[in-house]
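Data file: target12.cif. Format and content: mmCIF, C-alpha atoms (C1' of nucleotides).
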```cif
data_my_file
#
loop_
_atom_site.label_atom_id
_atom_site.label_comp_id
_atom_site.auth_asym_id
_atom_site.auth_seq_id
_atom_site.Cartn_x
_atom_site.Cartn_y
_atom_site.Cartn_z
CA MET U 279 38.87 -27.80 1.87
CA SER U 280 38.49 -29.44 5.27
CA ALA U 281 35.24 -30.84 6.55
CA GLU U 282 35.09 -27.90 8.92
CA ASP U 283 35.43 -25.41 6.08
CA VAL U 284 32.64 -27.11 4.19
CA LYS U 285 30.43 -26.86 7.22
CA LEU U 286 31.17 -23.16 7.66
CA LYS U 287 30.44 -22.45 4.03
CA LEU U 288 27.14 -24.30 4.23
CA VAL U 289 26.15 -22.40 7.31
CA GLU U 290 26.88 -19.14 5.54
CA ALA U 291 24.92 -20.19 2.50
CA GLU U 292 22.00 -21.22 4.65
CA GLU U 293 21.87 -17.92 6.42
CA PRO U 294 20.28 -15.20 4.32
CA ASP U 295 18.18 -14.48 7.45
CA GLU U 296 17.42 -11.02 8.76
CA ASN U 297 20.32 -9.26 7.13
CA ASP U 298 18.97 -9.23 3.62
CA TYR U 299 15.30 -8.75 4.42
CA ARG U 300 14.36 -5.31 3.20
CA LEU U 301 10.87 -4.26 4.08
CA GLN U 302 10.76 -1.65 1.35
CA ASP U 303 11.32 -4.36 -1.28
CA GLN U 304 8.50 -6.64 -0.13
CA VAL U 305 5.48 -6.82 -2.37
CA GLY U 306 3.02 -6.40 0.50
CA PHE U 307 4.60 -3.20 1.68
CA ILE U 308 4.75 -1.66 -1.78
CA LEU U 309 1.23 -2.82 -2.54
CA ARG U 310 0.06 -1.00 0.56
CA LYS U 311 1.85 2.18 -0.49
CA ALA U 312 0.54 2.01 -4.06
CA HIS U 313 -2.96 1.59 -2.69
CA GLN U 314 -2.48 4.56 -0.36
CA ARG U 315 -1.35 6.68 -3.27
CA HIS U 316 -4.39 5.72 -5.29
CA VAL U 317 -6.76 6.56 -2.46
CA SER U 318 -5.07 9.92 -2.11
CA ILE U 319 -5.49 10.65 -5.83
CA PHE U 320 -9.11 9.55 -5.60
CA ALA U 321 -9.78 11.89 -2.69
CA ALA U 322 -8.21 14.80 -4.56
CA HIS U 323 -10.70 14.32 -7.41
CA ILE U 324 -13.78 13.13 -5.52
CA ALA U 325 -13.88 14.65 -2.08
CA ASP U 326 -17.33 13.60 -0.95
CA LEU U 327 -17.17 9.88 -1.67
CA THR U 328 -14.66 7.15 -0.79
CA PRO U 329 -13.42 4.54 -3.29
CA PRO U 330 -15.51 1.78 -1.68
CA GLN U 331 -18.60 4.00 -1.77
CA PHE U 332 -18.03 4.81 -5.42
CA ALA U 333 -17.41 1.13 -6.15
CA ALA U 334 -20.81 0.29 -4.69
CA LEU U 335 -22.55 2.96 -6.76
CA ALA U 336 -20.73 2.03 -9.97
CA LYS U 337 -21.52 -1.64 -9.54
CA LEU U 338 -25.16 -0.94 -8.82
CA HIS U 339 -25.22 1.16 -11.97
CA ASP U 340 -23.86 -1.89 -13.82
CA VAL U 341 -26.03 -4.64 -12.49
CA GLY U 342 -29.11 -2.87 -11.16
CA GLU U 343 -30.94 -4.13 -8.09
CA THR U 344 -29.10 -6.71 -5.99
CA SER U 345 -29.04 -7.94 -2.44
CA GLN U 346 -26.60 -6.33 -0.05
CA ASN U 347 -24.42 -9.43 0.30
CA GLN U 348 -24.44 -10.07 -3.45
CA LEU U 349 -23.29 -6.51 -4.04
CA GLY U 350 -20.59 -7.04 -1.46
CA SER U 351 -19.23 -10.08 -3.24
CA LEU U 352 -19.24 -8.15 -6.54
CA ILE U 353 -17.07 -5.42 -5.05
CA ALA U 354 -14.98 -7.59 -2.73
CA MET U 355 -16.44 -6.56 0.62
CA ASP U 356 -17.52 -8.88 3.39
CA ALA U 357 -21.00 -8.60 4.85
CA ALA U 358 -20.02 -6.38 7.75
CA THR U 359 -18.11 -3.94 5.57
CA VAL U 360 -20.70 -3.61 2.83
CA LYS U 361 -23.37 -2.95 5.41
CA GLY U 362 -21.54 0.11 6.66
CA VAL U 363 -20.93 1.40 3.15
CA ILE U 364 -24.56 0.94 2.11
CA ASP U 365 -25.84 2.51 5.34
CA ARG U 366 -23.85 5.65 4.62
CA LEU U 367 -24.95 5.80 1.00
CA LYS U 368 -28.54 5.38 2.13
CA ALA U 369 -28.17 8.16 4.70
CA ARG U 370 -27.10 10.41 1.84
CA GLY U 371 -29.99 9.43 -0.39
CA LEU U 372 -27.86 7.76 -3.07
CA VAL U 373 -29.31 4.28 -2.62
CA GLU U 374 -32.56 2.90 -1.29
CA LEU U 375 -33.29 -0.40 0.40
CA SER U 376 -36.23 -2.75 0.16
CA LYS U 377 -37.10 -6.24 1.24
CA HIS U 378 -37.06 -9.18 -1.13
CA GLU U 379 -40.63 -10.35 -1.69
CA VAL U 380 -39.89 -14.04 -1.77
CA ASP U 381 -36.72 -14.53 0.24
CA LYS U 382 -37.29 -12.55 3.40
CA ARG U 383 -33.65 -12.75 4.39
CA ARG U 384 -32.54 -10.57 1.50
CA LEU U 385 -32.14 -6.81 1.61
CA LEU U 386 -32.36 -5.33 -1.88
CA VAL U 387 -30.26 -2.31 -2.79
CA ASN U 388 -31.08 0.15 -5.58
CA LEU U 389 -29.72 3.43 -6.86
CA THR U 390 -31.99 6.42 -6.34
CA ALA U 391 -32.41 9.00 -9.10
CA GLU U 392 -29.86 11.09 -7.26
CA GLY U 393 -27.55 8.09 -7.06
CA ARG U 394 -27.83 7.53 -10.81
CA ASP U 395 -27.03 11.18 -11.46
CA ALA U 396 -24.01 10.97 -9.18
CA VAL U 397 -22.63 7.92 -10.96
CA ALA U 398 -23.12 9.51 -14.38
CA ARG U 399 -21.38 12.64 -13.22
CA LEU U 400 -18.52 10.81 -11.50
CA ILE U 401 -17.60 8.15 -14.05
CA PRO U 402 -15.64 10.57 -16.27
CA ILE U 403 -13.78 11.76 -13.18
CA ALA U 404 -13.12 8.17 -12.14
CA ARG U 405 -11.53 7.65 -15.53
CA ASP U 406 -9.21 10.56 -14.81
CA ILE U 407 -8.34 9.04 -11.46
CA THR U 408 -7.35 5.77 -13.10
CA GLN U 409 -5.25 7.64 -15.60
CA GLU U 410 -3.50 9.73 -12.98
CA THR U 411 -2.80 6.65 -10.86
CA LEU U 412 -1.16 4.98 -13.85
CA ALA U 413 0.58 8.11 -15.08
CA PRO U 414 4.08 6.98 -13.98
CA LEU U 415 3.84 4.13 -16.51
CA SER U 416 3.98 4.21 -20.28
CA ALA U 417 1.05 2.80 -22.26
CA LYS U 418 2.94 -0.41 -22.84
CA GLU U 419 3.86 -0.70 -19.17
CA VAL U 420 0.25 -0.12 -18.17
CA ALA U 421 -0.87 -3.07 -20.26
CA ILE U 422 1.76 -5.33 -18.73
CA PHE U 423 1.16 -4.10 -15.20
CA MET U 424 -2.60 -4.53 -15.34
CA ARG U 425 -2.23 -8.06 -16.66
CA LEU U 426 0.14 -9.05 -13.85
CA LEU U 427 -1.73 -7.20 -11.13
CA ALA U 428 -4.93 -8.98 -12.12
CA LYS U 429 -3.13 -12.29 -11.59
CA LEU U 430 -2.39 -11.28 -8.00
CA ALA U 431 -5.89 -10.10 -7.15
CA MET W 148 -22.74 11.44 -45.64
CA SER W 149 -24.91 14.42 -44.64
CA ALA W 150 -23.84 17.02 -42.15
CA GLU W 151 -26.37 15.55 -39.77
CA ASP W 152 -24.83 12.09 -40.09
CA VAL W 153 -21.40 13.49 -39.36
CA LYS W 154 -22.70 15.15 -36.23
CA LEU W 155 -24.32 11.94 -35.03
CA LYS W 156 -21.16 9.98 -35.59
CA LEU W 157 -19.11 12.53 -33.67
CA VAL W 158 -21.54 12.42 -30.80
CA GLU W 159 -21.21 8.67 -30.66
CA ALA W 160 -17.43 8.85 -30.79
CA GLU W 161 -17.38 11.41 -27.99
CA GLU W 162 -19.51 9.31 -25.74
CA PRO W 163 -17.55 6.51 -24.12
CA ASP W 164 -19.23 7.62 -20.87
CA GLU W 165 -20.71 5.23 -18.35
CA ASN W 166 -21.26 2.36 -20.74
CA ASP W 167 -17.66 1.30 -21.02
CA TYR W 168 -16.58 2.01 -17.47
CA ARG W 169 -15.88 -1.32 -15.86
CA LEU W 170 -15.07 -1.14 -12.19
CA GLN W 171 -13.34 -4.49 -12.19
CA ASP W 172 -10.82 -3.19 -14.76
CA GLN W 173 -9.84 -0.08 -12.83
CA VAL W 174 -6.40 -0.10 -11.28
CA GLY W 175 -7.64 1.17 -7.92
CA PHE W 176 -10.16 -1.60 -7.54
CA ILE W 177 -7.69 -4.34 -8.46
CA LEU W 178 -5.01 -2.78 -6.27
CA ARG W 179 -7.43 -2.96 -3.37
CA LYS W 180 -8.17 -6.62 -4.05
CA ALA W 181 -4.50 -7.54 -4.45
CA HIS W 182 -3.78 -5.84 -1.15
CA GLN W 183 -6.63 -7.71 0.51
CA ARG W 184 -5.27 -10.99 -0.79
CA HIS W 185 -1.84 -10.20 0.58
CA VAL W 186 -3.19 -9.32 4.01
CA SER W 187 -5.09 -12.58 4.04
CA ILE W 188 -1.95 -14.56 3.16
CA PHE W 189 -0.06 -12.67 5.86
CA ALA W 190 -2.67 -13.50 8.47
CA ALA W 191 -2.56 -17.18 7.54
CA HIS W 192 1.17 -17.27 8.29
CA ILE W 193 1.43 -14.77 11.14
CA ALA W 194 -1.71 -14.81 13.21
CA ASP W 195 -0.66 -12.66 16.13
CA LEU W 196 0.69 -9.62 14.26
CA THR W 197 -0.69 -7.44 11.48
CA PRO W 198 1.34 -6.33 8.45
CA PRO W 199 1.69 -2.76 9.79
CA GLN W 200 2.83 -4.07 13.17
CA PHE W 201 5.39 -6.32 11.54
CA ALA W 202 6.51 -3.45 9.31
CA ALA W 203 7.20 -1.36 12.40
CA LEU W 204 9.21 -4.14 14.05
CA ALA W 205 11.17 -4.96 10.88
CA LYS W 206 12.04 -1.32 10.29
CA LEU W 207 13.13 -0.84 13.90
CA HIS W 208 15.32 -3.90 13.48
CA ASP W 209 16.85 -2.20 10.45
CA VAL W 210 17.46 1.27 11.73
CA GLY W 211 17.51 0.91 15.49
CA GLU W 212 16.17 3.61 17.76
CA THR W 213 14.07 6.31 16.09
CA SER W 214 11.37 8.74 16.98
CA GLN W 215 7.79 7.66 16.55
CA ASN W 216 7.09 10.06 13.67
CA GLN W 217 10.36 9.22 11.94
CA LEU W 218 9.46 5.55 12.11
CA GLY W 219 6.08 6.39 10.70
CA SER W 220 7.54 8.11 7.69
CA LEU W 221 9.85 5.12 7.10
CA ILE W 222 6.90 2.76 6.96
CA ALA W 223 4.40 5.10 5.32
CA MET W 224 2.12 5.80 8.27
CA ASP W 225 0.88 9.17 9.38
CA ALA W 226 1.37 10.28 12.97
CA ALA W 227 -2.06 9.18 14.15
CA THR W 228 -1.75 5.72 12.65
CA VAL W 229 1.77 4.99 13.82
CA LYS W 230 0.83 6.00 17.34
CA GLY W 231 -1.84 3.31 17.50
CA VAL W 232 0.48 0.67 16.08
CA ILE W 233 3.29 1.52 18.51
CA ASP W 234 0.90 1.65 21.46
CA ARG W 235 -0.22 -1.88 20.74
CA LEU W 236 3.34 -3.16 20.26
CA LYS W 237 4.31 -1.52 23.54
CA ALA W 238 1.36 -3.11 25.33
CA ARG W 239 2.70 -6.46 24.15
CA GLY W 240 6.24 -5.77 25.27
CA LEU W 241 7.76 -5.81 21.79
CA VAL W 242 8.90 -2.18 21.84
CA GLU W 243 9.74 0.30 24.56
CA LEU W 244 9.44 4.07 24.56
CA SER W 245 11.68 6.75 26.01
CA LYS W 246 12.03 10.50 25.82
CA HIS W 247 14.64 12.20 23.70
CA GLU W 248 17.18 13.84 26.00
CA VAL W 249 17.72 16.93 23.89
CA ASP W 250 14.56 17.41 21.87
CA LYS W 251 11.79 17.00 24.38
CA ARG W 252 9.14 16.73 21.67
CA ARG W 253 10.48 13.41 20.45
CA LEU W 254 9.32 10.00 21.61
CA LEU W 255 12.00 7.38 20.96
CA VAL W 256 11.01 3.85 20.02
CA ASN W 257 13.18 0.79 20.54
CA LEU W 258 12.83 -2.96 20.14
CA THR W 259 12.87 -4.90 23.40
CA ALA W 260 14.78 -8.18 23.63
CA GLU W 261 11.50 -9.92 23.05
CA GLY W 262 10.85 -7.70 20.05
CA ARG W 263 14.22 -8.56 18.57
CA ASP W 264 13.53 -12.26 19.04
CA ALA W 265 10.15 -11.89 17.37
CA VAL W 266 11.63 -10.17 14.32
CA ALA W 267 14.37 -12.77 13.97
CA ARG W 268 11.80 -15.53 14.21
CA LEU W 269 9.34 -13.91 11.80
CA ILE W 270 11.59 -12.71 8.99
CA PRO W 271 11.89 -16.16 7.40
CA ILE W 272 8.11 -16.47 7.56
CA ALA W 273 7.73 -13.02 6.05
CA ARG W 274 9.85 -14.20 3.16
CA ASP W 275 7.44 -17.08 2.64
CA ILE W 276 4.54 -14.62 2.67
CA THR W 277 6.15 -12.55 -0.07
CA GLN W 278 6.74 -15.66 -2.09
CA GLU W 279 3.21 -16.94 -1.70
CA THR W 280 1.78 -13.54 -2.62
CA LEU W 281 3.82 -13.55 -5.83
CA ALA W 282 3.25 -17.23 -6.57
CA PRO W 283 0.82 -16.58 -9.47
CA LEU W 284 3.70 -14.95 -11.37
CA SER W 285 6.77 -16.50 -12.97
CA ALA W 286 10.19 -15.32 -11.86
CA LYS W 287 10.45 -13.10 -14.90
CA GLU W 288 6.99 -11.65 -14.30
CA VAL W 289 7.87 -10.97 -10.67
CA ALA W 290 10.84 -8.87 -11.71
CA ILE W 291 8.75 -6.86 -14.15
CA PHE W 292 5.85 -6.48 -11.76
CA MET W 293 7.95 -5.27 -8.86
CA ARG W 294 9.66 -2.71 -11.05
CA LEU W 295 6.36 -1.29 -12.29
CA LEU W 296 4.62 -1.48 -8.92
CA ALA W 297 7.46 0.46 -7.34
CA LYS W 298 6.86 3.20 -9.88
CA LEU W 299 3.27 3.53 -8.67
CA ALA W 300 4.06 3.59 -4.96
"C1'" DT C 233 16.24 38.59 20.35
"C1'" DC C 234 11.78 37.33 19.73
"C1'" DA C 235 7.71 36.62 17.00
"C1'" DA C 236 6.41 33.48 13.28
"C1'" DA C 237 6.73 29.20 11.36
"C1'" DT C 238 7.77 24.38 11.86
"C1'" DT C 239 8.01 19.96 13.97
"C1'" DC C 240 6.51 16.20 17.14
"C1'" DA C 241 3.01 14.08 19.30
"C1'" DT C 242 -1.80 13.46 20.82
"C1'" DT C 243 -6.75 13.35 20.36
"C1'" DC C 244 -11.18 13.17 17.98
"C1'" DG C 245 -14.15 11.83 14.39
"C1'" DT C 246 -15.15 9.10 10.42
"C1'" DA C 247 -14.53 5.17 7.30
"C1'" DT C 248 -12.90 0.80 5.78
"C1'" DG C 249 -11.86 -4.24 6.82
"C1'" DC C 250 -12.39 -8.60 8.97
"C1'" DA C 251 -13.30 -12.37 12.61
"C1'" DA C 252 -16.69 -14.22 15.41
"C1'" DA C 253 -21.17 -14.67 17.34
"C1'" DT C 254 -26.16 -14.34 16.70
"C1'" DG C 255 -30.77 -14.62 14.74
"C1'" DA C 256 -33.92 -15.24 10.98
"C1'" DT C 257 -34.96 -17.63 6.94
"C1'" DA C 258 -34.34 -21.05 3.36
"C1'" DT C 259 -32.63 -25.41 1.51
"C1'" DC C 260 -31.20 -30.12 1.75
"C1'" DA C 261 -31.40 -34.83 2.93
"C1'" DA C 262 -32.50 -38.87 5.50
"C1'" DT Z 53 -41.66 -34.12 7.21
"C1'" DT Z 54 -38.21 -32.60 9.96
"C1'" DG Z 55 -33.67 -32.13 11.57
"C1'" DA Z 56 -29.16 -30.61 9.93
"C1'" DT Z 57 -26.98 -27.14 6.91
"C1'" DA Z 58 -26.48 -23.21 4.60
"C1'" DT Z 59 -27.38 -18.42 3.53
"C1'" DC Z 60 -28.42 -13.44 4.54
"C1'" DA Z 61 -27.96 -9.89 7.50
"C1'" DT Z 62 -26.64 -7.65 11.85
"C1'" DT Z 63 -23.79 -6.61 15.75
"C1'" DT Z 64 -19.54 -6.30 18.42
"C1'" DG Z 65 -14.74 -5.78 18.90
"C1'" DC Z 66 -10.38 -4.70 17.18
"C1'" DA Z 67 -7.03 -2.65 13.87
"C1'" DT Z 68 -5.59 0.34 10.22
"C1'" DA Z 69 -5.96 5.01 7.85
"C1'" DC Z 70 -6.36 9.84 7.54
"C1'" DG Z 71 -8.08 14.82 8.10
"C1'" DA Z 72 -8.34 18.37 11.38
"C1'" DA Z 73 -7.56 20.54 15.68
"C1'" DT Z 74 -4.56 21.19 19.65
"C1'" DG Z 75 -0.54 21.84 22.58
"C1'" DA Z 76 4.34 21.62 23.54
"C1'" DA Z 77 8.92 22.31 21.99
"C1'" DT Z 78 12.17 23.80 18.55
"C1'" DT Z 79 13.91 26.39 14.70
"C1'" DT Z 80 13.91 30.29 11.62
"C1'" DG Z 81 14.37 34.82 10.15
"C1'" DA Z 82 13.78 39.72 10.22
#
```

Will you turn the file into structure tokens for me?
Amino acid sequence: MSAEDVKLKLVEAEEPDENDYRLQDQVGFILRKAHQRHVSIFAAHIADLTPPQFAALAKLHDVGETSQNQLGSLIAMDAATVKGVIDRLKARGLVELSKHEVDKRRLLVNLTAEGRDAVARLIPIARDITQETLAPLSAKEVAIFMRLLAKLA
Amino acid sequence: MSAEDVKLKLVEAEEPDENDYRLQDQVGFILRKAHQRHVSIFAAHIADLTPPQFAALAKLHDVGETSQNQLGSLIAMDAATVKGVIDRLKARGLVELSKHEVDKRRLLVNLTAEGRDAVARLIPIARDITQETLAPLSAKEVAIFMRLLAKLA
DNA sequence: TCAAATTCATTCGTATGCAAATGATATCAA
DNA sequence: TTGATATCATTTGCATACGAATGAATTTGA
């Protein structure tokens, strides 16, 4: 093989570019689609609440009173996003806000009685949503998938 | 065991409700966080384009001229969403629009020369983004994960 | 053929999601 | 103590994302 041939071969080997990039095989693209599908399943079961709204209620049910930002960090929302979510839940009477006695910066968030009822009513449905989202996988695959997905989150 | 005891035990067994629902273990919640992490990695590598915008460019590079809605279905965007994405790419000179000669409903989308250059330049970076997103997994785990994730998307 | 149904695109309204800037309050450190 | 930092919350601006309504153009089917 001549020096020129070697060079050509190297150039070929160094050039996977463009031609073999398939968007539909990229993890980000598929992750986005899987998320879309989940949101769609969620909406089919719970029409009057979004996944982020339900996440806020469920977490409040777990931990009780917290500040708005603290709640946000528990459910992976930045300050601006959680504010919008909490505002809408408040407008619907599912949470109530109060000021922290000591630290005047903090805005405390609590479930209302109606909010507690909603969570209790919705949790069984949320379990169905999880199951339907994972339905394409066998039980064994679910265990593997959840373990790996958690590593990426 | 008395009949009463049996009844109590059954009631307990039938009541997983609320108490064992952990938001942070639900597939939808983790899917949302994994997607957030990916978007953040994307933004760190490609500051001037969003993942949906890049998806549109990469797919146009693949398939060439298509109608706006057709492109949307190829990259999993509804008509309203894809319109916004294409409008912004057009404003930046990365795509150009034209009317379909025969079917006057259709709006054809094409990469501009600048758009083609951008895709060529960005595809290697996009490959890095995929790799970094999957970095927490071993090669074997990546293969398994992608197979299962595809089933859910 | 022609009325009904479908497709393509647009617009409106609502809801995340995040960066950046701002203001109020609290904490830290020299 | 007080000046520098840090934290909590809000606001603005921009970008998906999608349901629903609308209008234009095409296709279907009786």

Using all atoms listed in the file, determine which residues lie at most 10 Å from Z:DT57, disregarding the query and same-chain residues fewer than 5 positions distant; provide the list as a short mmCIF file (atom, residue, chain, number, x, y, z; two decimals) with C-alpha atoms (C1' of nucleotides), in the frame of the given file.
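So out.cif came out as:
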```
data_model
loop_
_atom_site.label_atom_id
_atom_site.label_comp_id
_atom_site.auth_asym_id
_atom_site.auth_seq_id
_atom_site.Cartn_x
_atom_site.Cartn_y
_atom_site.Cartn_z
"C1'" DT C 259 -32.63 -25.41 1.51
"C1'" DC C 260 -31.20 -30.12 1.75
"C1'" DA C 261 -31.40 -34.83 2.93
#
```

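Counting all atoms listed in the file, every residue of chain C that comes within 8 Å of chain W is listed here: DC240, DA241 and DT242 of chain C.
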
Interface residues on chain W facing chain Z, 12 Å, all atoms listed in the file, written as a tab-separated table (two decimals) with C-alpha atoms, in the coordinates of the input:
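Written file, out12.tsv:
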```
chain	number	residue	atom	x	y	z
W	186	VAL	CA	-3.19	-9.32	4.01
W	196	LEU	CA	0.69	-9.62	14.26
W	197	THR	CA	-0.69	-7.44	11.48
W	198	PRO	CA	1.34	-6.33	8.45
W	199	PRO	CA	1.69	-2.76	9.79
W	200	GLN	CA	2.83	-4.07	13.17
W	223	ALA	CA	4.40	5.10	5.32
W	224	MET	CA	2.12	5.80	8.27
W	225	ASP	CA	0.88	9.17	9.38
W	226	ALA	CA	1.37	10.28	12.97
W	227	ALA	CA	-2.06	9.18	14.15
W	228	THR	CA	-1.75	5.72	12.65
W	229	VAL	CA	1.77	4.99	13.82
W	230	LYS	CA	0.83	6.00	17.34
W	231	GLY	CA	-1.84	3.31	17.50
W	232	VAL	CA	0.48	0.67	16.08
W	234	ASP	CA	0.90	1.65	21.46
W	235	ARG	CA	-0.22	-1.88	20.74
W	247	HIS	CA	14.64	12.20	23.70
W	249	VAL	CA	17.72	16.93	23.89
W	250	ASP	CA	14.56	17.41	21.87
W	251	LYS	CA	11.79	17.00	24.38
W	252	ARG	CA	9.14	16.73	21.67
W	253	ARG	CA	10.48	13.41	20.45
```

Taking into account all atoms listed in the file, which residue in the set W:Leu258, W:Glu243, W:Asp195, W:Ala203 is nearest to chain U? W:Ala203

Just need the residues of chain U within 8 Å of chain W, counting all atoms listed in the file, so spit them out as a tab-separated table (two decimals) with C-alpha atoms, in the coordinates of the input.
```tsv
chain	number	residue	atom	x	y	z
U	295	ASP	CA	18.18	-14.48	7.45
U	296	GLU	CA	17.42	-11.02	8.76
U	299	TYR	CA	15.30	-8.75	4.42
U	301	LEU	CA	10.87	-4.26	4.08
U	304	GLN	CA	8.50	-6.64	-0.13
U	305	VAL	CA	5.48	-6.82	-2.37
U	306	GLY	CA	3.02	-6.40	0.50
U	307	PHE	CA	4.60	-3.20	1.68
U	308	ILE	CA	4.75	-1.66	-1.78
U	309	LEU	CA	1.23	-2.82	-2.54
U	310	ARG	CA	0.06	-1.00	0.56
U	311	LYS	CA	1.85	2.18	-0.49
U	312	ALA	CA	0.54	2.01	-4.06
U	313	HIS	CA	-2.96	1.59	-2.69
U	315	ARG	CA	-1.35	6.68	-3.27
U	316	HIS	CA	-4.39	5.72	-5.29
U	317	VAL	CA	-6.76	6.56	-2.46
U	333	ALA	CA	-17.41	1.13	-6.15
U	336	ALA	CA	-20.73	2.03	-9.97
U	337	LYS	CA	-21.52	-1.64	-9.54
U	354	ALA	CA	-14.98	-7.59	-2.73
U	398	ALA	CA	-23.12	9.51	-14.38
U	401	ILE	CA	-17.60	8.15	-14.05
U	402	PRO	CA	-15.64	10.57	-16.27
U	405	ARG	CA	-11.53	7.65	-15.53
U	408	THR	CA	-7.35	5.77	-13.10
U	411	THR	CA	-2.80	6.65	-10.86
U	412	LEU	CA	-1.16	4.98	-13.85
U	414	PRO	CA	4.08	6.98	-13.98
U	415	LEU	CA	3.84	4.13	-16.51
U	419	GLU	CA	3.86	-0.70	-19.17
U	423	PHE	CA	1.16	-4.10	-15.20
U	424	MET	CA	-2.60	-4.53	-15.34
U	426	LEU	CA	0.14	-9.05	-13.85
U	427	LEU	CA	-1.73	-7.20	-11.13
U	428	ALA	CA	-4.93	-8.98	-12.12
U	429	LYS	CA	-3.13	-12.29	-11.59
U	430	LEU	CA	-2.39	-11.28	-8.00
U	431	ALA	CA	-5.89	-10.10	-7.15
```

Apply the PyMOL selection byres ((chain W and resi 260) around 10) to the structure shown and report the selected residues as a list in words.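 Output from the PyMOL selection byres ((chain W and resi 260) around 10), applied to this file: Gly240, Leu241, Val242, Glu243, Asn257, Leu258, Thr259, Glu261, Gly262, Arg263, Asp264 and Ala265 of chain W.
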
Given the file shown, enumerate the residues that the PyMOL selection byres ((chain U and resi 343) around 7) captures and present them as a VMD selection string. chain U and resid 338 341 to 342 344 386 to 388

Kindly output stretch 343-348 of chain U as a tab-separated table (two decimals), in the frame of the given file, after building all heavy atoms.
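The resulting out_31.tsv:
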```
chain	number	residue	atom	x	y	z
U	343	GLU	N	-30.58	-3.65	-9.42
U	343	GLU	CA	-30.94	-4.13	-8.09
U	343	GLU	C	-30.25	-5.45	-7.73
U	343	GLU	O	-30.26	-6.39	-8.51
U	343	GLU	CB	-32.47	-4.32	-8.04
U	343	GLU	CG	-32.97	-4.73	-6.68
U	343	GLU	CD	-34.50	-4.79	-6.68
U	343	GLU	OE1	-35.07	-5.73	-7.30
U	343	GLU	OE2	-35.11	-3.90	-6.07
U	344	THR	N	-29.67	-5.47	-6.53
U	344	THR	CA	-29.10	-6.71	-5.99
U	344	THR	C	-29.26	-6.72	-4.48
U	344	THR	O	-29.56	-5.70	-3.88
U	344	THR	CB	-27.58	-6.84	-6.22
U	344	THR	OG1	-27.03	-5.54	-6.38
U	344	THR	CG2	-27.27	-7.73	-7.39
U	345	SER	N	-29.02	-7.88	-3.90
U	345	SER	CA	-29.04	-7.94	-2.44
U	345	SER	C	-27.73	-7.36	-1.92
U	345	SER	O	-26.73	-7.30	-2.62
U	345	SER	CB	-29.21	-9.37	-1.98
U	345	SER	OG	-28.01	-10.08	-2.16
U	346	GLN	N	-27.76	-6.97	-0.66
U	346	GLN	CA	-26.60	-6.33	-0.05
U	346	GLN	C	-25.37	-7.25	-0.10
U	346	GLN	O	-24.29	-6.82	-0.51
U	346	GLN	CB	-26.94	-5.96	1.39
U	346	GLN	CG	-25.97	-5.02	2.03
U	346	GLN	CD	-26.44	-4.60	3.42
U	346	GLN	OE1	-26.96	-3.51	3.62
U	346	GLN	NE2	-26.26	-5.47	4.38
U	347	ASN	N	-25.54	-8.49	0.30
U	347	ASN	CA	-24.42	-9.43	0.30
U	347	ASN	C	-23.91	-9.70	-1.11
U	347	ASN	O	-22.70	-9.82	-1.33
U	347	ASN	CB	-24.81	-10.75	0.96
U	347	ASN	CG	-24.59	-10.72	2.46
U	347	ASN	OD1	-24.31	-9.66	3.03
U	347	ASN	ND2	-24.73	-11.86	3.10
U	348	GLN	N	-24.83	-9.83	-2.06
U	348	GLN	CA	-24.44	-10.07	-3.45
U	348	GLN	C	-23.59	-8.90	-3.95
U	348	GLN	O	-22.54	-9.10	-4.57
U	348	GLN	CB	-25.70	-10.24	-4.31
U	348	GLN	CG	-25.45	-10.32	-5.81
U	348	GLN	CD	-24.64	-11.55	-6.20
U	348	GLN	OE1	-24.48	-12.48	-5.41
U	348	GLN	NE2	-24.12	-11.55	-7.42
```
